[in-house]
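This is entry02.cif. It holds mmCIF, C-alpha atoms (C1' of nucleotides).
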```cif
data_structure
loop_
_atom_site.label_atom_id
_atom_site.label_comp_id
_atom_site.auth_asym_id
_atom_site.auth_seq_id
_atom_site.Cartn_x
_atom_site.Cartn_y
_atom_site.Cartn_z
CA MET A 2 5.67 26.04 -19.96
CA SER A 3 2.71 23.96 -20.94
CA ARG A 4 2.12 21.74 -17.98
CA SER A 5 2.88 24.04 -15.13
CA GLY A 6 -0.19 22.83 -13.30
CA ALA A 7 1.03 19.26 -13.18
CA GLU A 8 4.50 20.49 -12.50
CA LEU A 9 3.29 22.38 -9.48
CA ALA A 10 1.80 19.19 -8.11
CA LEU A 11 5.09 17.41 -8.62
CA LEU A 12 6.97 20.19 -6.90
CA LEU A 13 4.70 19.98 -3.91
CA LEU A 14 5.15 16.26 -3.70
CA GLY A 15 8.87 16.59 -4.19
CA ALA A 16 9.25 19.10 -1.41
CA TYR A 17 7.24 16.92 0.92
CA ARG A 18 9.29 13.90 0.06
CA ARG A 19 12.51 15.75 0.52
CA MET A 20 11.49 16.71 4.02
CA VAL A 21 10.18 13.34 5.04
CA ASP A 22 13.06 11.45 3.52
CA GLU A 23 15.57 13.53 5.35
CA VAL A 24 13.78 13.31 8.64
CA VAL A 25 13.43 9.56 8.39
CA ALA A 26 17.08 9.25 7.46
CA GLY A 27 18.02 11.51 10.35
CA LEU A 28 16.04 9.46 12.83
CA GLU A 29 17.59 6.35 11.42
CA SER A 30 21.07 7.73 11.97
CA GLN A 31 20.13 8.63 15.52
CA GLY A 32 19.30 5.03 16.20
CA TYR A 33 15.55 5.24 15.78
CA SER A 34 15.35 2.85 12.94
CA ASP A 35 12.39 2.42 10.74
CA VAL A 36 10.28 5.22 12.10
CA ARG A 37 7.95 6.30 9.37
CA PRO A 38 5.72 9.30 9.11
CA VAL A 39 2.72 7.18 9.92
CA HIS A 40 4.24 6.20 13.24
CA GLU A 41 4.97 9.78 14.10
CA PHE A 42 1.46 10.79 13.24
CA ALA A 43 -0.03 7.95 15.20
CA MET A 44 2.03 8.80 18.28
CA ARG A 45 1.04 12.37 17.96
CA ALA A 46 -2.61 11.42 17.83
CA ILE A 47 -2.23 9.14 20.83
CA ALA A 48 -0.44 11.82 22.79
CA ALA A 49 -3.22 14.18 21.81
CA GLY A 50 -5.77 11.92 23.42
CA ALA A 51 -6.59 9.09 21.06
CA ASP A 52 -6.34 6.54 23.81
CA SER A 53 -7.79 3.49 22.13
CA ALA A 54 -7.34 1.74 18.83
CA SER A 55 -10.82 2.57 17.65
CA GLU A 56 -10.39 6.19 18.59
CA LEU A 57 -7.04 6.39 16.87
CA GLY A 58 -8.59 4.91 13.77
CA ARG A 59 -11.28 7.55 13.82
CA ARG A 60 -8.86 10.40 14.25
CA VAL A 61 -6.61 9.29 11.48
CA SER A 62 -9.52 8.22 9.26
CA VAL A 63 -8.41 4.66 9.09
CA SER A 64 -10.06 1.40 10.04
CA LYS A 65 -9.61 0.35 13.62
CA GLN A 66 -7.88 -2.77 12.37
CA ALA A 67 -5.28 -0.73 10.56
CA ALA A 68 -4.87 1.41 13.64
CA ALA A 69 -4.45 -1.70 15.74
CA LYS A 70 -1.67 -2.91 13.48
CA THR A 71 0.19 0.35 13.75
CA ILE A 72 -0.27 0.29 17.50
CA ALA A 73 1.11 -3.22 17.64
CA ILE A 74 4.28 -2.00 15.96
CA LEU A 75 4.58 0.97 18.24
CA VAL A 76 4.08 -1.20 21.30
CA GLU A 77 6.60 -3.71 20.07
CA ARG A 78 9.18 -0.97 19.74
CA GLY A 79 8.40 0.43 23.13
CA TYR A 80 7.09 3.72 21.83
CA VAL A 81 3.60 3.19 23.11
CA ASP A 82 2.21 1.43 26.11
CA ARG A 83 -1.01 -0.53 26.02
CA GLU A 84 -2.78 -1.69 29.14
CA THR A 85 -6.29 -2.70 29.97
CA ASP A 86 -8.46 0.16 31.04
CA PRO A 87 -9.59 -0.42 34.64
CA ALA A 88 -12.78 1.48 33.97
CA ASP A 89 -13.76 -0.32 30.79
CA ALA A 90 -12.64 -3.87 30.31
CA ARG A 91 -13.14 -3.69 26.57
CA ARG A 92 -10.59 -0.98 26.13
CA LYS A 93 -6.84 -1.10 26.09
CA ARG A 94 -5.68 2.30 27.16
CA LEU A 95 -2.86 3.75 25.07
CA ASP A 96 -0.02 5.93 26.23
CA VAL A 97 3.07 7.25 24.58
CA THR A 98 6.12 6.12 26.53
CA PRO A 99 9.05 8.37 27.37
CA LEU A 100 10.94 6.68 24.57
CA GLY A 101 8.07 7.49 22.25
CA PHE A 102 8.22 11.12 23.23
CA GLU A 103 11.93 11.05 22.63
CA VAL A 104 11.36 9.96 19.05
CA MET A 105 8.72 12.58 18.57
CA ARG A 106 11.00 15.28 19.89
CA ALA A 107 13.84 14.08 17.70
CA GLY A 108 11.55 14.10 14.69
CA GLU A 109 10.35 17.58 15.41
CA ALA A 110 13.87 18.81 15.86
CA LEU A 111 14.84 17.38 12.50
CA PHE A 112 11.84 18.95 10.85
CA GLU A 113 12.74 22.21 12.46
CA GLU A 114 16.32 22.03 11.27
CA LEU A 115 15.10 21.31 7.82
CA ARG A 116 12.79 24.24 7.90
CA GLU A 117 15.66 26.41 8.98
CA SER A 118 17.79 25.19 6.16
CA PHE A 119 14.93 26.09 3.84
CA GLU A 120 14.98 29.55 5.33
CA ARG A 121 18.63 29.81 4.50
CA GLU A 122 18.00 28.56 1.00
CA ILE A 123 15.16 30.81 0.00
CA GLY A 124 14.98 33.40 2.75
CA ALA A 125 12.78 33.67 5.78
CA SER A 126 10.20 35.97 4.30
CA GLU A 127 9.94 33.86 1.19
CA LEU A 128 9.38 30.76 3.28
CA SER A 129 6.79 32.28 5.49
CA SER A 130 4.83 33.59 2.55
CA LEU A 131 5.07 30.13 1.04
CA GLU A 132 3.60 28.70 4.20
CA ALA A 133 0.87 31.27 4.25
CA ALA A 134 0.02 30.54 0.64
CA LEU A 135 -0.10 26.82 1.25
CA LYS A 136 -2.26 27.32 4.27
CA THR A 137 -4.74 29.22 2.18
CA LEU A 138 -4.75 26.58 -0.49
CA VAL A 139 -5.10 23.63 1.82
CA GLY A 140 -7.66 25.28 4.03
CA ASN A 141 -8.40 23.46 7.18
CA SER A 142 -9.37 20.19 5.69
CA ALA A 143 -7.58 17.47 7.57
CA VAL A 144 -4.80 15.91 5.60
CA ARG A 145 -5.10 12.18 5.34
CA ILE A 146 -1.72 10.56 5.21
CA GLU A 147 -2.68 6.93 5.21
CA ALA A 148 -4.15 4.77 2.47
CA PRO A 149 -1.82 2.23 0.94
CA GLY A 150 -0.09 3.73 -1.99
CA TRP A 151 -2.66 6.46 -2.14
CA VAL A 152 -0.65 8.26 -4.74
CA ALA A 153 -1.63 5.46 -6.99
CA GLN A 154 -4.97 4.74 -5.53
CA GLU A 155 -8.59 5.46 -5.96
CA LEU A 156 -9.70 8.24 -3.71
CA ASP A 157 -12.88 7.37 -1.92
CA MET B 15 4.18 27.55 16.81
CA SER B 16 6.37 24.75 17.95
CA ARG B 17 6.19 22.21 15.18
CA SER B 18 6.15 24.42 12.15
CA GLY B 19 8.65 22.18 10.42
CA ALA B 20 6.38 19.19 10.54
CA GLU B 21 3.46 21.40 9.76
CA LEU B 22 5.15 22.62 6.63
CA ALA B 23 5.55 19.04 5.48
CA LEU B 24 1.87 18.43 6.07
CA LEU B 25 0.93 21.54 4.17
CA LEU B 26 2.98 20.43 1.21
CA LEU B 27 1.37 17.05 1.24
CA GLY B 28 -2.04 18.57 1.68
CA ALA B 29 -1.63 20.88 -1.28
CA TYR B 30 -0.44 18.02 -3.43
CA ARG B 31 -3.34 15.88 -2.40
CA ARG B 32 -5.80 18.60 -3.04
CA MET B 33 -4.56 18.95 -6.58
CA VAL B 34 -4.39 15.27 -7.33
CA ASP B 35 -7.72 14.50 -5.77
CA GLU B 36 -9.44 17.14 -7.78
CA VAL B 37 -7.82 16.13 -11.02
CA VAL B 38 -8.66 12.48 -10.52
CA ALA B 39 -12.21 13.40 -9.67
CA GLY B 40 -12.39 15.62 -12.71
CA LEU B 41 -11.15 12.89 -15.00
CA GLU B 42 -13.62 10.53 -13.44
CA SER B 43 -16.47 12.88 -14.16
CA GLN B 44 -15.31 13.19 -17.75
CA GLY B 45 -15.63 9.48 -18.15
CA TYR B 46 -12.01 8.53 -17.68
CA SER B 47 -12.58 6.39 -14.69
CA ASP B 48 -9.91 5.19 -12.42
CA VAL B 49 -7.03 7.12 -13.90
CA ARG B 50 -4.48 7.60 -11.20
CA PRO B 51 -1.44 9.78 -11.07
CA VAL B 52 0.75 6.77 -11.66
CA HIS B 53 -0.98 6.10 -14.94
CA GLU B 54 -0.57 9.66 -16.06
CA PHE B 55 3.08 9.61 -15.20
CA ALA B 56 3.64 6.31 -16.93
CA MET B 57 1.96 7.51 -20.10
CA ARG B 58 3.99 10.64 -19.99
CA ALA B 59 7.17 8.63 -19.71
CA ILE B 60 6.13 6.36 -22.55
CA ALA B 61 5.26 9.30 -24.73
CA ALA B 62 8.63 10.77 -23.84
CA GLY B 63 10.36 7.74 -25.21
CA ALA B 64 10.27 4.97 -22.67
CA ASP B 65 9.26 2.41 -25.23
CA SER B 66 9.71 -0.81 -23.30
CA ALA B 67 8.73 -2.10 -19.90
CA SER B 68 12.29 -2.26 -18.68
CA GLU B 69 12.99 1.24 -19.88
CA LEU B 70 9.84 2.57 -18.28
CA GLY B 71 10.85 0.93 -15.06
CA ARG B 72 14.20 2.64 -15.18
CA ARG B 73 12.75 6.04 -15.89
CA VAL B 74 10.26 5.87 -13.12
CA SER B 75 12.70 4.14 -10.76
CA VAL B 76 10.55 1.12 -10.38
CA SER B 77 11.15 -2.55 -11.04
CA LYS B 78 10.44 -3.68 -14.56
CA GLN B 79 7.83 -6.05 -13.17
CA ALA B 80 5.94 -3.21 -11.57
CA ALA B 81 6.23 -1.26 -14.80
CA ALA B 82 4.90 -4.24 -16.71
CA LYS B 83 1.87 -4.40 -14.46
CA THR B 84 1.11 -0.74 -14.97
CA ILE B 85 1.53 -1.18 -18.70
CA ALA B 86 -0.86 -4.10 -18.66
CA ILE B 87 -3.51 -1.86 -17.13
CA LEU B 88 -2.87 0.90 -19.62
CA VAL B 89 -3.06 -1.55 -22.51
CA GLU B 90 -6.24 -3.04 -21.19
CA ARG B 91 -7.84 0.38 -21.10
CA GLY B 92 -6.65 1.20 -24.55
CA TYR B 93 -4.41 4.03 -23.44
CA VAL B 94 -1.24 2.35 -24.58
CA ASP B 95 -0.44 0.04 -27.42
CA ARG B 96 2.01 -2.81 -27.09
CA GLU B 97 3.33 -4.69 -30.08
CA THR B 98 6.35 -6.80 -30.71
CA ASP B 99 9.29 -4.85 -31.94
CA PRO B 100 10.17 -6.06 -35.44
CA ALA B 101 13.79 -5.19 -34.84
CA ASP B 102 14.18 -6.92 -31.52
CA ALA B 103 12.02 -9.90 -30.74
CA ARG B 104 12.60 -9.57 -27.02
CA ARG B 105 10.99 -6.19 -26.85
CA LYS B 106 7.39 -5.14 -26.92
CA ARG B 107 7.33 -1.64 -28.29
CA LEU B 108 5.09 0.75 -26.40
CA ASP B 109 3.07 3.61 -27.76
CA VAL B 110 0.52 5.93 -26.30
CA THR B 111 -2.71 5.67 -28.26
CA PRO B 112 -4.82 8.65 -29.32
CA LEU B 113 -7.15 7.83 -26.45
CA GLY B 114 -4.18 7.86 -24.13
CA PHE B 115 -3.18 11.29 -25.35
CA GLU B 116 -6.74 12.41 -24.83
CA VAL B 117 -6.56 11.45 -21.18
CA MET B 118 -3.24 13.15 -20.79
CA ARG B 119 -4.55 16.33 -22.34
CA ALA B 120 -7.63 16.23 -20.15
CA GLY B 121 -5.45 15.76 -17.10
CA GLU B 122 -3.23 18.63 -18.01
CA ALA B 123 -6.18 20.86 -18.62
CA LEU B 124 -7.57 20.03 -15.20
CA PHE B 125 -4.22 20.70 -13.58
CA GLU B 126 -4.05 23.96 -15.40
CA GLU B 127 -7.51 24.99 -14.28
CA LEU B 128 -6.58 24.14 -10.77
CA ARG B 129 -3.47 26.20 -10.97
CA GLU B 130 -5.52 29.10 -12.25
CA SER B 131 -7.91 28.78 -9.39
CA PHE B 132 -4.91 28.91 -7.09
CA GLU B 133 -3.88 32.11 -8.78
CA ARG B 134 -7.25 33.54 -8.02
CA GLU B 135 -7.03 32.37 -4.43
CA ILE B 136 -3.62 33.70 -3.56
CA GLY B 137 -2.64 35.91 -6.46
CA ALA B 138 -0.48 35.27 -9.46
CA SER B 139 2.70 36.74 -8.09
CA GLU B 140 2.30 34.86 -4.85
CA LEU B 141 1.84 31.63 -6.71
CA SER B 142 4.78 32.10 -9.00
CA SER B 143 7.07 32.93 -6.11
CA LEU B 144 5.76 29.82 -4.39
CA GLU B 145 6.68 27.81 -7.43
CA ALA B 146 10.09 29.37 -7.61
CA ALA B 147 10.70 28.65 -3.95
CA LEU B 148 9.63 25.05 -4.32
CA LYS B 149 11.82 24.65 -7.35
CA THR B 150 14.79 25.80 -5.35
CA LEU B 151 13.99 23.46 -2.52
CA VAL B 152 13.36 20.42 -4.62
CA GLY B 153 16.29 21.01 -6.88
CA ASN B 154 16.40 18.83 -9.91
CA SER B 155 16.28 15.54 -8.15
CA ALA B 156 13.72 13.38 -9.88
CA VAL B 157 10.59 12.94 -7.86
CA ARG B 158 9.64 9.35 -7.30
CA ILE B 159 5.92 8.96 -7.13
CA GLU B 160 5.66 5.26 -6.87
CA ALA B 161 6.25 2.95 -3.95
CA PRO B 162 3.17 1.49 -2.36
CA GLY B 163 2.13 3.63 0.50
CA TRP B 164 5.50 5.29 0.47
CA VAL B 165 4.30 7.77 3.02
CA ALA B 166 4.41 4.93 5.42
CA GLN B 167 7.28 3.08 3.97
CA GLU B 168 10.95 2.58 4.37
CA LEU B 169 12.83 4.81 2.00
CA ASP B 170 15.59 2.94 0.30
"C1'" DC C 10 -33.83 -5.95 36.07
"C1'" DT C 11 -33.42 -7.81 31.90
"C1'" DA C 12 -33.03 -7.79 26.95
"C1'" DT C 13 -31.34 -5.48 23.17
"C1'" DT C 14 -28.06 -2.74 20.97
"C1'" DA C 15 -23.55 -0.61 20.43
"C1'" DT C 16 -18.52 -0.53 21.05
"C1'" DA C 17 -13.75 -2.47 21.77
"C1'" DG C 18 -10.54 -5.18 20.08
"C1'" DA C 19 -8.95 -9.90 17.91
"C1'" DC C 20 -8.55 -12.85 14.01
"C1'" DA C 21 -8.77 -14.02 9.22
"C1'" DA C 22 -9.30 -13.42 4.30
"C1'" DC C 23 -8.60 -10.45 0.55
"C1'" DT C 24 -6.86 -6.22 -2.25
"C1'" DT C 25 -3.44 -3.31 -4.32
"C1'" DG C 26 0.89 -1.97 -5.77
"C1'" DA C 27 5.48 -3.07 -5.44
"C1'" DT C 28 9.60 -6.28 -4.72
"C1'" DT C 29 12.83 -10.22 -5.53
"C1'" DG C 30 13.95 -14.27 -7.73
"C1'" DT C 31 13.83 -17.50 -11.55
"C1'" DC C 32 13.32 -18.70 -16.28
"C1'" DG C 33 13.19 -19.02 -21.39
"C1'" DT C 34 14.24 -16.35 -25.43
"C1'" DT C 35 16.80 -13.22 -28.15
"C1'" DT C 36 20.60 -10.36 -29.09
"C1'" DG C 37 25.03 -8.79 -29.60
"C1'" DC C 38 29.78 -9.03 -28.76
"C1'" DG C 39 34.55 -11.14 -28.19
"C1'" DC D 8 30.47 -19.66 -32.62
"C1'" DG D 9 29.46 -19.30 -27.91
"C1'" DC D 10 28.27 -16.94 -23.98
"C1'" DA D 11 26.93 -12.89 -21.25
"C1'" DA D 12 23.42 -9.39 -21.02
"C1'" DA D 13 18.76 -7.69 -21.67
"C1'" DC D 14 13.76 -8.41 -22.33
"C1'" DG D 15 9.59 -9.84 -20.68
"C1'" DA D 16 6.80 -13.56 -18.10
"C1'" DC D 17 5.61 -16.01 -14.01
"C1'" DA D 18 5.50 -16.85 -9.20
"C1'" DA D 19 6.19 -15.98 -4.42
"C1'" DT D 20 6.41 -12.50 -0.97
"C1'" DC D 21 5.80 -8.04 1.37
"C1'" DA D 22 3.49 -3.92 3.23
"C1'" DA D 23 -0.34 -1.36 4.48
"C1'" DG D 24 -4.86 -1.26 3.88
"C1'" DT D 25 -9.88 -3.04 3.86
"C1'" DT D 26 -14.04 -5.82 5.01
"C1'" DG D 27 -16.16 -9.24 7.56
"C1'" DT D 28 -16.90 -12.07 11.53
"C1'" DC D 29 -16.54 -13.08 16.48
"C1'" DT D 30 -16.40 -12.54 21.59
"C1'" DA D 31 -16.63 -9.77 25.54
"C1'" DT D 32 -18.16 -5.85 27.77
"C1'" DA D 33 -20.92 -1.75 28.44
"C1'" DA D 34 -24.92 1.13 27.96
"C1'" DT D 35 -29.53 1.85 27.28
"C1'" DA D 36 -34.57 0.95 26.63
"C1'" DG D 37 -38.53 -1.07 28.23
#
```

Here is a file; write its structure as structure tokens.
Amino acid sequence: MSRSGAELALLLLGAYRRMVDEVVAGLESQGYSDVRPVHEFAMRAIAAGADSASELGRRVSVSKQAAAKTIAILVERGYVDRETDPADARRKRLDVTPLGFEVMRAGEALFEELRESFEREIGASELSSLEAALKTLVGNSAVRIEAPGWVAQELD
Amino acid sequence: MSRSGAELALLLLGAYRRMVDEVVAGLESQGYSDVRPVHEFAMRAIAAGADSASELGRRVSVSKQAAAKTIAILVERGYVDRETDPADARRKRLDVTPLGFEVMRAGEALFEELRESFEREIGASELSSLEAALKTLVGNSAVRIEAPGWVAQELD
DNA sequence: CTATTATAGACAACTTGATTGTCGTTTGCG
DNA sequence: CGCAAACGACAATCAAGTTGTCTATAATAG
């Protein structure tokens, strides 16, 4: 097998895509249409305390403008609430709405189901050693998900 | 650990990114600037017999227009040669040039090195069982790499 | 206390990679 | 022969980013 290195990369990508595709499809079929990973991640960051567009941008390593666009979508769908901060008139305070949390929970449940089906496919011990191995390889460097078409793009 | 499913997805993505980032950086430092995964994959497909834009598009599951654009870049850099097919005046026959093969070889070598460094990090047996597990999970469904910012995008 | 500097968010223009739609040309088949 | 199908080109559009500029507000230095 001559290009096992490249193949490994493809496998990693493939496994990721399989998970994400299925979760997105699952959310879709539950009525949460058009929820993409980025939205999930953004909501998660907001729930975790990124309460302004600029802050969200920083956390996700994206320009505040890009963050603002994502927020606009989330607000439009009722997943996030944006209201002027009484303490600082420049800010618009962000909050995940109950509906937003619902989506997040649904997403997590789907991910969890998927993980369980992986366990059935390859065995629990196999899966957990896979996770451990990946964790070692990835280290604790934050994973950037954004960047338009980053698969095809220059990496800063 | 409540969201281990989602976390697994992130780990997979992270590992993929780590590999790709390093390979792209490596190619860059060897003078092959701005070679992105997509280019590698396209060249590979061309070398494997996708000898026209339309055909390349089909193989990579991308519109022929998108394929044509990628080809234009590859031609411009001298990685791929495009000449009218004597047998069919509609076609432009594609060929990977020696320089193109050079890049591909360099990329593979980098991937291989990376894989070896993974072996050192987590052990050879651990890595090969990781690969086996991933192979089971991914199955033989072709992995689409394209789609602009697909992480954030609607999945057909 | 005021003047400067920094931060938040809005708006606009541009970039990249892909898509769809249309078109002229060439081929191949009934 | 004639017409449908396939190839590649061109153009318009989309999606998700980016940078750059602007106004309003806050914080800080003198």

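The interface of chain C with chain A at 10 Å, considering all atoms listed in the file, consists of DT16, DA17, DG18, DA19, DT25, DG26 and DA27 of chain C.
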
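Using all atoms listed in the file, the protein and nucleic acid residues lying no more than 9 Å from region 121-130 of chain B, apart from those fewer than 2 places from it along its own chain, are Ser3, Arg4, Ser5, Gly6, Ala7, Glu8, Leu9 and Ala10 of chain A; Met33, Val34, Glu36, Val37, Val38, Gly40, Leu41, Glu54, Glu116, Val117, Met118, Arg119, Phe132, Glu133, Arg134, Glu135, Ala138 and Leu141 of chain B.
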
Those same residues, written as a CSV table (one decimal), keeping the file's coordinate frame with C-alpha atoms?
```
chain,number,residue,atom,x,y,z
A,3,SER,CA,2.7,24.0,-20.9
A,4,ARG,CA,2.1,21.7,-18.0
A,5,SER,CA,2.9,24.0,-15.1
A,6,GLY,CA,-0.2,22.8,-13.3
A,7,ALA,CA,1.0,19.3,-13.2
A,8,GLU,CA,4.5,20.5,-12.5
A,9,LEU,CA,3.3,22.4,-9.5
A,10,ALA,CA,1.8,19.2,-8.1
B,33,MET,CA,-4.6,19.0,-6.6
B,34,VAL,CA,-4.4,15.3,-7.3
B,36,GLU,CA,-9.4,17.1,-7.8
B,37,VAL,CA,-7.8,16.1,-11.0
B,38,VAL,CA,-8.7,12.5,-10.5
B,40,GLY,CA,-12.4,15.6,-12.7
B,41,LEU,CA,-11.2,12.9,-15.0
B,54,GLU,CA,-0.6,9.7,-16.1
B,116,GLU,CA,-6.7,12.4,-24.8
B,117,VAL,CA,-6.6,11.4,-21.2
B,118,MET,CA,-3.2,13.2,-20.8
B,119,ARG,CA,-4.6,16.3,-22.3
B,132,PHE,CA,-4.9,28.9,-7.1
B,133,GLU,CA,-3.9,32.1,-8.8
B,134,ARG,CA,-7.2,33.5,-8.0
B,135,GLU,CA,-7.0,32.4,-4.4
B,138,ALA,CA,-0.5,35.3,-9.5
B,141,LEU,CA,1.8,31.6,-6.7
```

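If we count all atoms listed in the file, these residues of chain D sit within 8 Å of chain A: D:DA23, D:DG24, D:DT25, D:DA31, D:DT32, D:DA33.
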
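From CA of Glu77 (chain A) back to CA of Arg94 (chain A), the distance works out to 15.4 Å.
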
Q: Taking the file as shown, find all residues satisfying the PyMOL selection byres ((chain C and resi 30) around 10) and write them as a count of residues only.
A: 6

Expected axis-aligned box over every listed atom of region 24-32 of chain C, 6 Å added per side, centre plus edges in Å to one decimal, as lines of an AutoDock Vina configuration file:
```
center_x = 3.5
center_y = -10.3
center_z = -9.3
size_x = 32.8
size_y = 28.7
size_z = 26.0
```

(Q) Which residues, named as in the file, does the PyMOL selection byres ((chain C and resi 35) around 12) pick out? Answer as a PyMOL selection string. (A) (chain B and resi 99+101-105) or (chain C and resi 33-34+36-37) or (chain D and resi 12-15)

For the residues in the current selection, export C-alpha atoms (C1' of nucleotides) as a PDB file, keeping the file's coordinate frame.
```
ATOM      1  CA  ASP B  99       9.290  -4.850 -31.940  1.00  0.00           C
ATOM      2  CA  ALA B 101      13.790  -5.190 -34.840  1.00  0.00           C
ATOM      3  CA  ASP B 102      14.180  -6.920 -31.520  1.00  0.00           C
ATOM      4  CA  ALA B 103      12.020  -9.900 -30.740  1.00  0.00           C
ATOM      5  CA  ARG B 104      12.600  -9.570 -27.020  1.00  0.00           C
ATOM      6  CA  ARG B 105      10.990  -6.190 -26.850  1.00  0.00           C
TER       7      ARG B 105
ATOM      8  C1'  DG C  33      13.190 -19.020 -21.390  1.00  0.00           C
ATOM      9  C1'  DT C  34      14.240 -16.350 -25.430  1.00  0.00           C
ATOM     10  C1'  DT C  36      20.600 -10.360 -29.090  1.00  0.00           C
ATOM     11  C1'  DG C  37      25.030  -8.790 -29.600  1.00  0.00           C
TER      12       DG C  37
ATOM     13  C1'  DA D  12      23.420  -9.390 -21.020  1.00  0.00           C
ATOM     14  C1'  DA D  13      18.760  -7.690 -21.670  1.00  0.00           C
ATOM     15  C1'  DC D  14      13.760  -8.410 -22.330  1.00  0.00           C
ATOM     16  C1'  DG D  15       9.590  -9.840 -20.680  1.00  0.00           C
TER      17       DG D  15
END
```

Q) Selected by the PyMOL selection byres ((chain C and resi 22) around 12) in the shown coordinates: which residues, as a PyMOL selection string? A) (chain C and resi 20-21+23-24) or (chain D and resi 25-28)

Q: Please measure the separation of CA of Leu11 (chain A) and CA of Leu24 (chain B), giving the value in Å to one decimal.
A: 15.1 Å

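The coordinates place CA of Ser47 (chain B) at 28.8 Å from CA of Gly58 (chain A).
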
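The shortest atom-to-atom distance to chain B, with all atoms listed in the file taken into account, belongs to A:Leu138 out of A:Leu138, A:Ala107, A:Ile47, A:Val97.
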
Q. Which one of A:Leu57, A:Leu75, A:Ile123, A:Ala51 sits closest to chain B if you count only C-alpha atoms?
A. A:Ile123

Q.
Which residue is closest to chain A? Choose from B:Gly114, B:Gly45, B:Gly137, B:Pro100 and count all atoms listed in the file.
A. B:Gly137

Q: Would you mind telling me which residue in A:Ala49, A:Leu13, A:Ala43, A:Val76 lies nearest to chain B when using only C-alpha atoms?
A: A:Leu13

For region 67-82 of chain A, which lacks atoms in the input, supply N, CA and C atoms and format the output as a PDB file, in the frame of the given file.
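So result-v8.pdb came out as:
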```
ATOM      1  N   ALA A  67      -6.544  -1.313  11.003  1.00  0.00           N
ATOM      2  CA  ALA A  67      -5.280  -0.730  10.560  1.00  0.00           C
ATOM      3  C   ALA A  67      -4.615  -0.015  11.728  1.00  0.00           C
ATOM      4  N   ALA A  68      -5.419   0.713  12.485  1.00  0.00           N
ATOM      5  CA  ALA A  68      -4.870   1.410  13.640  1.00  0.00           C
ATOM      6  C   ALA A  68      -4.255   0.412  14.608  1.00  0.00           C
ATOM      7  N   ALA A  69      -4.954  -0.696  14.813  1.00  0.00           N
ATOM      8  CA  ALA A  69      -4.450  -1.700  15.740  1.00  0.00           C
ATOM      9  C   ALA A  69      -3.102  -2.241  15.284  1.00  0.00           C
ATOM     10  N   LYS A  70      -2.950  -2.410  13.985  1.00  0.00           N
ATOM     11  CA  LYS A  70      -1.670  -2.910  13.480  1.00  0.00           C
ATOM     12  C   LYS A  70      -0.559  -1.921  13.762  1.00  0.00           C
ATOM     13  N   THR A  71      -0.823  -0.672  13.491  1.00  0.00           N
ATOM     14  CA  THR A  71       0.190   0.350  13.750  1.00  0.00           C
ATOM     15  C   THR A  71       0.526   0.361  15.232  1.00  0.00           C
ATOM     16  N   ILE A  72      -0.497   0.286  16.061  1.00  0.00           N
ATOM     17  CA  ILE A  72      -0.270   0.290  17.500  1.00  0.00           C
ATOM     18  C   ILE A  72       0.603  -0.885  17.897  1.00  0.00           C
ATOM     19  N   ALA A  73       0.327  -2.030  17.302  1.00  0.00           N
ATOM     20  CA  ALA A  73       1.110  -3.220  17.640  1.00  0.00           C
ATOM     21  C   ALA A  73       2.597  -2.967  17.384  1.00  0.00           C
ATOM     22  N   ILE A  74       2.880  -2.318  16.274  1.00  0.00           N
ATOM     23  CA  ILE A  74       4.280  -2.000  15.960  1.00  0.00           C
ATOM     24  C   ILE A  74       4.857  -1.052  16.991  1.00  0.00           C
ATOM     25  N   LEU A  75       4.093  -0.021  17.293  1.00  0.00           N
ATOM     26  CA  LEU A  75       4.580   0.970  18.240  1.00  0.00           C
ATOM     27  C   LEU A  75       4.822   0.353  19.618  1.00  0.00           C
ATOM     28  N   VAL A  76       3.929  -0.538  20.004  1.00  0.00           N
ATOM     29  CA  VAL A  76       4.080  -1.200  21.300  1.00  0.00           C
ATOM     30  C   VAL A  76       5.326  -2.077  21.287  1.00  0.00           C
ATOM     31  N   GLU A  77       5.476  -2.792  20.200  1.00  0.00           N
ATOM     32  CA  GLU A  77       6.600  -3.710  20.070  1.00  0.00           C
ATOM     33  C   GLU A  77       7.931  -2.959  20.195  1.00  0.00           C
ATOM     34  N   ARG A  78       7.945  -1.742  19.678  1.00  0.00           N
ATOM     35  CA  ARG A  78       9.180  -0.970  19.740  1.00  0.00           C
ATOM     36  C   ARG A  78       9.328  -0.186  21.025  1.00  0.00           C
ATOM     37  N   GLY A  79       8.309  -0.273  21.864  1.00  0.00           N
ATOM     38  CA  GLY A  79       8.400   0.430  23.130  1.00  0.00           C
ATOM     39  C   GLY A  79       8.082   1.913  23.046  1.00  0.00           C
ATOM     40  N   TYR A  80       7.421   2.310  21.971  1.00  0.00           N
ATOM     41  CA  TYR A  80       7.090   3.720  21.830  1.00  0.00           C
ATOM     42  C   TYR A  80       5.735   4.033  22.441  1.00  0.00           C
ATOM     43  N   VAL A  81       4.949   3.010  22.586  1.00  0.00           N
ATOM     44  CA  VAL A  81       3.600   3.190  23.110  1.00  0.00           C
ATOM     45  C   VAL A  81       3.328   2.064  24.088  1.00  0.00           C
ATOM     46  N   ASP A  82       2.538   2.392  25.076  1.00  0.00           N
ATOM     47  CA  ASP A  82       2.210   1.430  26.110  1.00  0.00           C
ATOM     48  C   ASP A  82       0.726   1.114  25.987  1.00  0.00           C
TER      49      ASP A  82
END
```
